[in-house]
Amino acid sequence: MNRQEAEDYVYSSYMKAEKHWDYNAKDSVKRRPDLTYEILRNKSVTPSVVVTGSKGKGSVANMISCLLQARLRVGLMTSPHITDFNDRFKIDGQKISDDDFAKYMTSIKPELDEIEKTLPEDVCISPIGIQADLALTYFNDKGTNFNVIECGKGAEFDDANNIRHEYAMINSIFLEHTRELGKTVEEIAGDKAHVITGEQKCVYVAPQVPEVMKVIRSRADGYSVPLKEYGKDFKAENIRYSRGGMTFDVTLGERIFCDIAIPLLGEHQARNCALAMAAAADILGDLDEETARRQLLKLDYPGRMEVISVDPFMILDACINPASCQNVIDVLGNYGIDKATMIIGIPDDKDYAGVAKMMQPMADTVIITKSGNPHYVFSPTIQCEELLKVGIKAVPTASVREAVEKAKAIGKPTVILGTTSVVSEMTKLKAFL
């Protein structure tokens, strides 16, 4: 098995089954985490934290990994990737090599094939289950002593939640993936709250609306698992912006960590950092202020409110829903930008219209674009026609490069919002800027 064959294998079972599914069916109908339960539990030999939420899971996972690396050898599994599939599996910040990716996928294929041959055509081993198996196999062989695992959409029907985890983190939850997870925020919270399995020493919770917090507390109380909550047990405050990122203070219980700096933008990232620091302090038993400051300056997380160009000024963010737009609006306000060129690259089945509506007051020009990823369906011309029906005039483009060229010609500050495939293509175009 070569590297490309290994990546293709991740989706092989899914591709067989998905054509038999009702597109509108919930994850509870389509997903079968029980298929990988025994494999993943048997390979859960290293302490772990599992991260869930509606937004910012990857940011928090990267932050806590970075903090723990000060004293531990840390495995990190995240998704989706930005530049290439190997980004999903890292040890101490270094992604898996092509050779190792192929090697470890080859080693786990027989055990997965044994499961696959028993399944009917409409049942699959989840891609996340295969990735989790590879991650644990790789991490165990390389001797990590703590692992950070990011869930996919939810937790109840997510194979990543099969991994035994002594800690859990729940970032802010809002309405998203309603087709798969539920129609109400309470239903979505109920799914994601399954990250609490009763084995946790502590669960760390980001700011939540009251109805979500009620669901999380109910599940934690049912398992007698302690919670630490943003605003009560930890928080970020005194946030200051610069062209290179932000500086802020973090309170953990009675301790105050002053002038924590990260190369990311947005108050949500300061809150994410406080969440990560709260968990890291307990996992490590203590968190040295200077060490935390030094580790966080190493953060490298493309497409998360990232300044990709100063002249022309361009910000890139993996924003695909209206709930995340306020973070972008707040950042622009902190830079004194009231009108910008908005490039939006969001697939047809996501809420591109909601994002365009939210950003319209800040938009001088709206440009709709697409990535070349064959797994996503983008129709820029049709999207523009639909936006015009609600009073938003937009310009369609056939590629990310074309969209950026149009933005550069306009000459105003530019905000690029899009799905990860758009972020990936934009990241590769940095040199072009």
# chains A, B, ... in the order shown; residues from 1 in each chain; ligands from 1
$ residues_around --residues "Met169 (chain A)" --least-positions-apart "3" --cutoff "10 Å" --atoms "only C-alpha atoms" --output "list in words"
Val49, Val50, Val51, Thr52, Gly53, Lys57, Val60, Ala61, Glu150, Ser172, Ala193, Val195, Ile196, Cys202, Val203, Tyr204, Val205, Ala206, Leu227, Lys228, Leu275, Ala276 and Ala279 of chain A
$ write_last_selection --atoms "N, CA and C atoms" --output "PDB file, in the first residue's frame"
ATOM      1  N   VAL A  49      -7.156  13.198  26.094  1.00  0.00           N
ATOM      2  CA  VAL A  49      -8.269  14.134  26.192  1.00  0.00           C
ATOM      3  C   VAL A  49      -8.982  14.119  24.844  1.00  0.00           C
ATOM      4  N   VAL A  50     -10.306  14.109  24.856  1.00  0.00           N
ATOM      5  CA  VAL A  50     -11.106  14.182  23.639  1.00  0.00           C
ATOM      6  C   VAL A  50     -11.814  15.527  23.621  1.00  0.00           C
ATOM      7  N   VAL A  51     -11.768  16.186  22.468  1.00  0.00           N
ATOM      8  CA  VAL A  51     -12.296  17.542  22.319  1.00  0.00           C
ATOM      9  C   VAL A  51     -13.498  17.528  21.383  1.00  0.00           C
ATOM     10  N   THR A  52     -14.604  18.145  21.817  1.00  0.00           N
ATOM     11  CA  THR A  52     -15.774  18.288  20.968  1.00  0.00           C
ATOM     12  C   THR A  52     -16.290  19.715  21.062  1.00  0.00           C
ATOM     13  N   GLY A  53     -17.405  19.994  20.372  1.00  0.00           N
ATOM     14  CA  GLY A  53     -17.969  21.334  20.321  1.00  0.00           C
ATOM     15  C   GLY A  53     -18.437  21.627  18.911  1.00  0.00           C
ATOM     16  N   LYS A  57     -12.885  23.355  17.817  1.00  0.00           N
ATOM     17  CA  LYS A  57     -12.310  22.122  18.363  1.00  0.00           C
ATOM     18  C   LYS A  57     -10.846  21.989  17.982  1.00  0.00           C
ATOM     19  N   VAL A  60      -8.530  24.475  19.891  1.00  0.00           N
ATOM     20  CA  VAL A  60      -8.292  24.044  21.269  1.00  0.00           C
ATOM     21  C   VAL A  60      -7.381  22.824  21.306  1.00  0.00           C
ATOM     22  N   ALA A  61      -7.614  21.871  20.400  1.00  0.00           N
ATOM     23  CA  ALA A  61      -6.778  20.673  20.361  1.00  0.00           C
ATOM     24  C   ALA A  61      -5.327  21.038  20.095  1.00  0.00           C
ATOM     25  N   GLU A 150      -9.415  14.984  18.530  1.00  0.00           N
ATOM     26  CA  GLU A 150     -10.541  15.832  18.174  1.00  0.00           C
ATOM     27  C   GLU A 150     -11.659  14.986  17.588  1.00  0.00           C
ATOM     28  N   SER A 172     -17.807  25.742  22.651  1.00  0.00           N
ATOM     29  CA  SER A 172     -19.158  26.286  22.528  1.00  0.00           C
ATOM     30  C   SER A 172     -19.986  25.495  21.512  1.00  0.00           C
ATOM     31  N   ALA A 193     -22.535  16.005  24.301  1.00  0.00           N
ATOM     32  CA  ALA A 193     -22.304  15.741  25.718  1.00  0.00           C
ATOM     33  C   ALA A 193     -21.924  14.294  25.990  1.00  0.00           C
ATOM     34  N   VAL A 195     -19.439  12.951  25.025  1.00  0.00           N
ATOM     35  CA  VAL A 195     -17.996  12.905  25.285  1.00  0.00           C
ATOM     36  C   VAL A 195     -17.744  12.628  26.761  1.00  0.00           C
ATOM     37  N   ILE A 196     -18.758  12.886  27.594  1.00  0.00           N
ATOM     38  CA  ILE A 196     -18.698  12.522  29.014  1.00  0.00           C
ATOM     39  C   ILE A 196     -19.152  11.076  29.130  1.00  0.00           C
ATOM     40  N   CYS A 202     -12.064  15.140  34.853  1.00  0.00           N
ATOM     41  CA  CYS A 202     -12.648  16.465  34.771  1.00  0.00           C
ATOM     42  C   CYS A 202     -13.050  16.746  33.320  1.00  0.00           C
ATOM     43  N   VAL A 203     -14.088  17.559  33.150  1.00  0.00           N
ATOM     44  CA  VAL A 203     -14.521  18.026  31.836  1.00  0.00           C
ATOM     45  C   VAL A 203     -14.489  19.554  31.845  1.00  0.00           C
ATOM     46  N   TYR A 204     -13.918  20.146  30.794  1.00  0.00           N
ATOM     47  CA  TYR A 204     -13.718  21.594  30.707  1.00  0.00           C
ATOM     48  C   TYR A 204     -14.675  22.148  29.656  1.00  0.00           C
ATOM     49  N   VAL A 205     -15.442  23.160  30.037  1.00  0.00           N
ATOM     50  CA  VAL A 205     -16.551  23.618  29.214  1.00  0.00           C
ATOM     51  C   VAL A 205     -16.393  25.099  28.871  1.00  0.00           C
ATOM     52  N   ALA A 206     -16.468  25.391  27.570  1.00  0.00           N
ATOM     53  CA  ALA A 206     -16.402  26.765  27.071  1.00  0.00           C
ATOM     54  C   ALA A 206     -17.739  27.466  27.324  1.00  0.00           C
ATOM     55  N   LEU A 227     -17.096  19.263  36.518  1.00  0.00           N
ATOM     56  CA  LEU A 227     -16.968  20.217  35.422  1.00  0.00           C
ATOM     57  C   LEU A 227     -16.180  21.427  35.872  1.00  0.00           C
ATOM     58  N   LYS A 228     -15.411  21.996  34.952  1.00  0.00           N
ATOM     59  CA  LYS A 228     -14.843  23.330  35.134  1.00  0.00           C
ATOM     60  C   LYS A 228     -15.374  24.185  33.984  1.00  0.00           C
ATOM     61  N   LEU A 275      -9.441  27.892  27.814  1.00  0.00           N
ATOM     62  CA  LEU A 275      -9.953  26.526  27.935  1.00  0.00           C
ATOM     63  C   LEU A 275      -8.812  25.521  27.902  1.00  0.00           C
ATOM     64  N   ALA A 276      -7.898  25.698  26.939  1.00  0.00           N
ATOM     65  CA  ALA A 276      -6.751  24.793  26.818  1.00  0.00           C
ATOM     66  C   ALA A 276      -5.840  24.891  28.037  1.00  0.00           C
ATOM     67  N   ALA A 279      -7.263  23.005  31.138  1.00  0.00           N
ATOM     68  CA  ALA A 279      -7.064  21.555  31.076  1.00  0.00           C
ATOM     69  C   ALA A 279      -5.592  21.194  31.237  1.00  0.00           C
TER      70      ALA A 279
END
$ residues_around --residues "region 339-355 of chain A" --least-positions-apart "3" --cutoff "6 Å" --atoms "only C-alpha atoms" --output "PyMOL selection string"
chain A and resi 321-322+358+362-370+377-378+412-419
$ closest_residue --among "A:Cys66, A:Ile239, A:Leu40, A:Cys124" --to "Tyr14 (chain A)" --atoms "only C-alpha atoms"
A:Cys124
$ closest_residue --among "A:Ala189, A:Ser218, A:His165, A:Ser59" --to "Arg271 (chain A)" --atoms "only C-alpha atoms"
A:Ser59
$ select_by_dssp --residues "region 121-368 of chain A" --states "strand (DSSP E)" --output "PyMOL selection string"
chain A and resi 146-150+167-170+202-205+227-229+234-242+245-252+255-262+306-310+313-317+340-345+363-368
$ closest_residue --among "A:Glu425, A:Glu306, A:Asp191, A:Glu111" --to "Gly244 (chain A)" --atoms "only C-alpha atoms"
A:Glu306
$ closest_residue --among "A:Leu316, A:Ile337, A:Glu180, A:Ile283" --to "Tyr23 (chain A)" --atoms "only C-alpha atoms"
A:Glu180
